[in-house]
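**Student:** Take this structure, written in structure tokens, and hold onto it; I'll ask about it next.
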Amino acid sequence: MYDLIVRRAKLVDGSLTDIAIQNGKFAAIGTLDESITASRTLDLQGKYWVSAGWIDAHVHCYPKSPIYHDEADLIGVATGVTTVIDAGSTGADDVEDLYQLTRQAKTNVYAFLNISRTGIVTQNELADMAQIDKLCVHQAIKKNPQFIVGLKARMSSSVVGENGLKPLLRAKEMQKENNQLPLMVHIGNNPPNLDDIADVLDAGDIVTHCYNGKPNRILTPEGQLRDAIKRALDRGVLLDVGHGSASFSFDVARTAIKQGILPHTISSDIYCRNRINGPVRSLAHVMSKFFICGMTLEQIIACVTLNAAKALKLSAKGQLEVGYDADLTIFETRQQPQVFVDSDNVSVEGESCLVPLVAVVAGEAVLTDEGKANHVITL
Ligand code: ZN
Ligand code: ZN
């Protein structure tokens with residue numbers, strides 16, 4: 001007798017499977033005998049897709065942030081996302097508050113710690129080197145090792161002021177002193193120049209806003225991949241989408257993906273304003289844009305499951321394997337013409353969109369907003 005059995009779920013390779021969950025973990029996966037029972041059974045009749053729970057590697061959900069605030073469940077389970085990572089809204093001063101304020105959420109919440117102790121309270125948190133305090137960072141990580149999954153450094157001109165590469169070099173030192181935690185680096189306007197940023201990065205470091213259309217884009221004016229980015233990718237540096245209000249260009253994404261420069265992780269950089277007014281709306285909406293860019297369903301889902309869990313070192317997530325955390329996203333794909341808008345206000349028509357219906361977090365199933373509106377699955 002299990003807690004939950006999801007029957008006849010369609011995997012992204014097209015095969016069907018049953019999934020049994022016990023005590024918040026996957027307990028059995030494969031065809032299960034009809035005689036096996038559970039407290040609750042959800043029969044998908046081969047109609048709906050299932051994947052490991054979606055992980056959004058770049059969001060903002062510190063409710064008290066003066067600029068980039070949101071509620072974890074509105075960008076999480078309500079849209080089929082089972083895990084969100086707040087990307088540096090808080091630094092050492094407020095990360096404990098972020099932790100406490102997100103404990104009631106159904107969505108799993110983790111954080112990248114901003115290397116500036118103030119976090120994104122202002123837009124120029126790395127303009128004063130005195131705010132980048134190694135001891136504070138070390139103490140915050142020591143206090144919350146399960147919550148803080150990495151460090152965040154926003155390396156664009158408005159953020160670093162006159163400091164150039166200095167904040168990033170300090171972030172690299174902090175990373176070494178703190179168990180080689182993943183480091184997420186935001187890119188946008190220069191200086192510092194992207195080539196200089198990329199040359200400092202090592203395997204596992206994450207470049208977010210990877211398809212931005214600003215001066216620090218990954219392509220040359222001729223549309224070729226910059227040499228420094230090519231070298232970085234060869235070393236194992238990872239590309240994260242981080243769509244956001246100002247950091248995703250269809251033109252850059254399509255040109256890069258055509259050359260085989262796929263994202264490792266697809267993330268939204270969502271917060272209340274770009275969720276409600278666009279162009280982000282939800283992780284599913286951002287994922288759907290990658291059909292237009294030429295990616296397959298399997299590739300897109302890998303970016304928010306296996307790839308994201310690996311990049312963030314979430315070792316019990318991202319895969320449908322016995323013993324892993326029982327997080328699932330149940331969704332459908334709809335073929336209907338729809339207009340998608342990027343961060344440069346360019347509109348492109350797409351035909352496929354992903355519609356999340358149910359989020360399962362540690363074995364607890366909840367209907368998403370679309371799931372509630374559609375009535376195709378009842379819990
Ligand atoms: Zn950013
Ligand atoms: Zn962000």
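Chain labels follow the order of the structure tokens: the first chain is A, the next B, and so on; residue numbering restarts at 1 in every chain, and ligands are counted from 1 in their shown order.
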Contacts between ligand 1 and chain A, please, where a residue of chain A counts if it comes within 8 Å (with only C-alpha atoms and all ligand atoms); show its shortest atom pair and distance in Å to one decimal, rows by chain and ascending number, as a tab-separated table.
**Tutor:**
```
residue	atom	partner	partner_atom_place_in_ligand_line	distance
A:Arg154	CA	ligand 1	1 (Zn)	6.1
A:His186	CA	ligand 1	1 (Zn)	4.7
A:Ile187	CA	ligand 1	1 (Zn)	6.8
A:Gly188	CA	ligand 1	1 (Zn)	7.7
A:Thr208	CA	ligand 1	1 (Zn)	7.0
A:His209	CA	ligand 1	1 (Zn)	6.7
A:Gly242	CA	ligand 1	1 (Zn)	7.2
A:Gly244	CA	ligand 1	1 (Zn)	7.6
A:Ser247	CA	ligand 1	1 (Zn)	7.8
A:Asp269	CA	ligand 1	1 (Zn)	7.4
```
**Student:** Mind listing the alpha helix (DSSP H) residues of segment 26-217 of chain A, per DSSP on the backbone, as number ranges by chain?
**Tutor:** A: 72-75, 95-101, 134-143, 157-160, 166-177, 194-200
**Student:** Can you pull out every residue within 10 Å of Met174 of chain A, counting only C-alpha atoms, but drop anything in the same chain fewer than 2 positions away, and send it as number ranges by chain?
**Tutor:** A: 115, 132-135, 137-138, 151, 168-172, 176-181, 183
**Student:** Go ahead and save the residues from that selection, with C-alpha atoms, as an mmCIF file, in the first residue's frame.
**Tutor:**
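Below is the file out01.cif, written as the result:
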```cif
data_model
loop_
_atom_site.group_PDB
_atom_site.id
_atom_site.type_symbol
_atom_site.label_atom_id
_atom_site.label_comp_id
_atom_site.auth_asym_id
_atom_site.auth_seq_id
_atom_site.Cartn_x
_atom_site.Cartn_y
_atom_site.Cartn_z
ATOM 1 C CA ILE A 115 27.830 38.080 -2.710
ATOM 2 C CA ILE A 132 31.234 42.069 -0.428
ATOM 3 C CA ASP A 133 32.254 40.575 2.880
ATOM 4 C CA LYS A 134 33.839 37.112 2.892
ATOM 5 C CA LEU A 135 33.199 36.414 6.550
ATOM 6 C CA VAL A 137 29.102 35.046 3.265
ATOM 7 C CA HIS A 138 30.899 32.167 4.970
ATOM 8 C CA LEU A 151 26.566 32.245 -4.952
ATOM 9 C CA LEU A 168 33.678 38.483 -9.789
ATOM 10 C CA LEU A 169 37.263 37.769 -8.758
ATOM 11 C CA ARG A 170 36.187 37.999 -5.137
ATOM 12 C CA ALA A 171 33.224 35.716 -5.840
ATOM 13 C CA LYS A 172 35.617 33.126 -7.273
ATOM 14 C CA LYS A 176 36.874 28.208 -3.301
ATOM 15 C CA GLU A 177 36.548 28.963 0.395
ATOM 16 C CA ASN A 178 33.006 27.550 0.514
ATOM 17 C CA ASN A 179 33.137 24.031 -0.836
ATOM 18 C CA GLN A 180 33.155 25.070 -4.521
ATOM 19 C CA LEU A 181 29.460 26.011 -4.467
ATOM 20 C CA LEU A 183 28.378 30.357 -8.943
#
```
**Student:** Residues of segment 120-193 of chain A classed as strand (DSSP E or B) by DSSP on the backbone are to be reported as a list in words.
**Tutor:**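 Secondary structure check on segment 120-193 of chain A, strand (DSSP E or B): Ile148, Val149, Gly150, Leu151, Lys152, Ala153, Arg154, Met155, Leu183, Met184, Val185, His186 and Ile187 of chain A.
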**Student:** Write out as a list in words each polymer residue whose atoms come within 9 Å of Phe248 of chain A, counting only C-alpha atoms; drop sequence neighbours fewer than 5 positions from it.
**Tutor:**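 Neighbouring residues, sequence-local ones excluded: His209, Cys210, Tyr211, Asn212, Gly213, Val241, Gly242, His243, Ala253, Asp342, Ser343 and Asp344 of chain A.
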**Student:** Give me the residues within 12 Å of Pro337 of chain A as a PyMOL selection string, counting only C-alpha atoms and dropping any in the same chain fewer than 5 places off.
**Tutor:** chain A and resi 288+292+348-353
**Student:** Write a file of the selected residues as a PDB file, in the first residue's frame, keeping N, CA and C atoms.
**Tutor:**
```pdb
ATOM      1  N   SER A 288       7.987  27.079 -23.508  1.00  0.00           N
ATOM      2  CA  SER A 288       7.290  26.946 -24.798  1.00  0.00           C
ATOM      3  C   SER A 288       7.999  27.742 -25.898  1.00  0.00           C
ATOM      4  N   ILE A 292       9.871  27.185 -30.555  1.00  0.00           N
ATOM      5  CA  ILE A 292      10.071  28.097 -31.690  1.00  0.00           C
ATOM      6  C   ILE A 292      11.545  28.161 -32.071  1.00  0.00           C
ATOM      7  N   VAL A 348       6.800  36.690 -31.918  1.00  0.00           N
ATOM      8  CA  VAL A 348       6.978  35.554 -32.825  1.00  0.00           C
ATOM      9  C   VAL A 348       5.800  34.615 -32.607  1.00  0.00           C
ATOM     10  N   GLU A 349       5.278  34.068 -33.698  1.00  0.00           N
ATOM     11  CA  GLU A 349       4.164  33.137 -33.537  1.00  0.00           C
ATOM     12  C   GLU A 349       4.688  31.718 -33.317  1.00  0.00           C
ATOM     13  N   GLY A 350       4.093  31.044 -32.343  1.00  0.00           N
ATOM     14  CA  GLY A 350       4.454  29.652 -32.081  1.00  0.00           C
ATOM     15  C   GLY A 350       3.228  28.783 -32.175  1.00  0.00           C
ATOM     16  N   GLU A 351       3.452  27.466 -32.248  1.00  0.00           N
ATOM     17  CA  GLU A 351       2.319  26.571 -32.397  1.00  0.00           C
ATOM     18  C   GLU A 351       2.128  25.630 -31.216  1.00  0.00           C
ATOM     19  N   SER A 352       3.220  25.389 -30.460  1.00  0.00           N
ATOM     20  CA  SER A 352       3.117  24.439 -29.345  1.00  0.00           C
ATOM     21  C   SER A 352       3.228  25.180 -28.034  1.00  0.00           C
ATOM     22  N   CYS A 353       2.403  24.794 -27.084  1.00  0.00           N
ATOM     23  CA  CYS A 353       2.640  25.341 -25.750  1.00  0.00           C
ATOM     24  C   CYS A 353       2.425  24.287 -24.679  1.00  0.00           C
TER      25      CYS A 353
END
```
**Student:** I'd like the contact shell of segment 78-91 of chain A - 7 Å cut-off, only C-alpha atoms, skipping same-chain residues fewer than 5 positions apart - returned as an NGL selection string.
**Tutor:** :A and (53-62 or 73 or 107-120 or 152 or 282 or 327 or 329 or 356-359 or 361 or 368-369)
**Student:** Could the residues in this selection be saved with N, CA and C atoms as a short mmCIF file (atom, residue, chain, number, x, y, z; two decimals), in the first residue's frame?
**Tutor:**
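See result-v7.cif below for the written result:
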```cif
data_model
loop_
_atom_site.label_atom_id
_atom_site.label_comp_id
_atom_site.auth_asym_id
_atom_site.auth_seq_id
_atom_site.Cartn_x
_atom_site.Cartn_y
_atom_site.Cartn_z
N GLY A 53 9.77 16.72 -11.29
CA GLY A 53 9.27 18.07 -11.03
C GLY A 53 10.16 19.13 -11.64
N TRP A 54 9.53 20.14 -12.20
CA TRP A 54 10.28 21.21 -12.88
C TRP A 54 11.01 22.08 -11.85
N ILE A 55 12.23 22.41 -12.19
CA ILE A 55 13.09 23.25 -11.34
C ILE A 55 13.37 24.55 -12.09
N ASP A 56 13.01 25.68 -11.48
CA ASP A 56 13.31 26.98 -12.07
C ASP A 56 14.54 27.55 -11.37
N ALA A 57 15.67 27.54 -12.06
CA ALA A 57 16.97 27.85 -11.44
C ALA A 57 17.20 29.34 -11.20
N HIS A 58 16.28 30.19 -11.66
CA HIS A 58 16.49 31.65 -11.50
C HIS A 58 15.13 32.33 -11.35
N VAL A 59 14.77 32.62 -10.10
CA VAL A 59 13.52 33.36 -9.83
C VAL A 59 13.83 34.41 -8.75
N HIS A 60 12.84 35.25 -8.46
CA HIS A 60 12.94 36.18 -7.33
C HIS A 60 11.68 36.08 -6.49
N CYS A 61 11.83 35.62 -5.26
CA CYS A 61 10.64 35.40 -4.42
C CYS A 61 10.88 35.80 -2.96
N TYR A 62 11.69 36.85 -2.76
CA TYR A 62 11.81 37.39 -1.40
C TYR A 62 10.66 38.39 -1.23
N ASP A 73 4.75 30.22 -4.13
CA ASP A 73 3.78 29.29 -4.74
C ASP A 73 3.14 29.84 -6.02
N THR A 107 5.91 24.88 -2.53
CA THR A 107 7.03 24.78 -3.47
C THR A 107 8.34 24.66 -2.69
N ASN A 108 9.26 23.82 -3.18
CA ASN A 108 10.61 23.79 -2.59
C ASN A 108 11.31 25.09 -2.96
N VAL A 109 11.88 25.76 -1.97
CA VAL A 109 12.58 27.02 -2.24
C VAL A 109 14.03 26.92 -1.75
N TYR A 110 14.96 27.27 -2.63
CA TYR A 110 16.38 27.38 -2.29
C TYR A 110 16.86 28.76 -2.71
N ALA A 111 18.14 29.04 -2.41
CA ALA A 111 18.64 30.38 -2.76
C ALA A 111 20.09 30.35 -3.24
N PHE A 112 20.34 31.19 -4.24
CA PHE A 112 21.70 31.65 -4.51
C PHE A 112 21.91 32.86 -3.60
N LEU A 113 23.02 32.86 -2.88
CA LEU A 113 23.32 33.98 -1.97
C LEU A 113 24.03 35.07 -2.75
N ASN A 114 23.44 36.28 -2.73
CA ASN A 114 24.13 37.40 -3.38
C ASN A 114 25.45 37.66 -2.64
N ILE A 115 26.53 37.87 -3.38
CA ILE A 115 27.83 38.08 -2.71
C ILE A 115 27.85 39.43 -1.99
N SER A 116 26.95 40.34 -2.36
CA SER A 116 26.81 41.59 -1.60
C SER A 116 25.90 41.33 -0.41
N ARG A 117 26.29 41.79 0.76
CA ARG A 117 25.50 41.47 1.95
C ARG A 117 24.09 42.06 1.89
N THR A 118 23.90 43.11 1.09
CA THR A 118 22.58 43.74 1.01
C THR A 118 21.64 43.05 0.02
N GLY A 119 22.18 42.18 -0.85
CA GLY A 119 21.33 41.62 -1.91
C GLY A 119 20.88 42.70 -2.86
N ILE A 120 19.75 42.45 -3.56
CA ILE A 120 19.29 43.42 -4.56
C ILE A 120 18.31 44.39 -3.91
N LYS A 152 25.71 34.21 -6.09
CA LYS A 152 25.25 34.98 -7.25
C LYS A 152 26.03 36.28 -7.34
N SER A 282 5.32 32.70 -16.94
CA SER A 282 5.55 31.49 -16.14
C SER A 282 6.72 30.74 -16.74
N ASP A 327 8.91 14.48 -6.53
CA ASP A 327 8.42 15.71 -7.15
C ASP A 327 8.12 15.39 -8.62
N THR A 329 5.88 16.84 -12.31
CA THR A 329 5.03 17.79 -13.01
C THR A 329 4.22 17.01 -14.06
N PRO A 356 0.97 23.08 -17.73
CA PRO A 356 1.09 22.26 -16.53
C PRO A 356 -0.26 22.09 -15.85
N LEU A 357 -0.56 20.87 -15.40
CA LEU A 357 -1.88 20.58 -14.81
C LEU A 357 -1.80 20.25 -13.32
N VAL A 358 -0.78 19.49 -12.94
CA VAL A 358 -0.63 19.07 -11.54
C VAL A 358 0.84 19.17 -11.15
N ALA A 359 1.08 19.65 -9.94
CA ALA A 359 2.43 19.60 -9.36
C ALA A 359 2.38 18.65 -8.17
N VAL A 361 4.67 17.58 -4.98
CA VAL A 361 5.88 17.91 -4.22
C VAL A 361 5.97 16.95 -3.04
N THR A 368 -2.52 22.85 -10.59
CA THR A 368 -2.00 24.17 -10.98
C THR A 368 -3.18 25.07 -11.31
N ASP A 369 -2.90 26.34 -11.60
CA ASP A 369 -3.98 27.25 -12.01
C ASP A 369 -4.69 26.72 -13.26
#
```
**Student:** Please identify all polymer residues within 7 Å of segment 197-199 of chain A, counting only C-alpha atoms, omitting same-chain residues fewer than 4 positions from it, and present them as a ChimeraX atom specification.
**Tutor:** /A:193,228-229,232
**Student:** Just how far from atom CA of Asp205 of chain A is atom CA of Lys166 of chain A, in Å to one decimal?
**Tutor:**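 So the two atoms, atom CA of Lys166 of chain A and atom CA of Asp205 of chain A, lie 16.9 Å apart.
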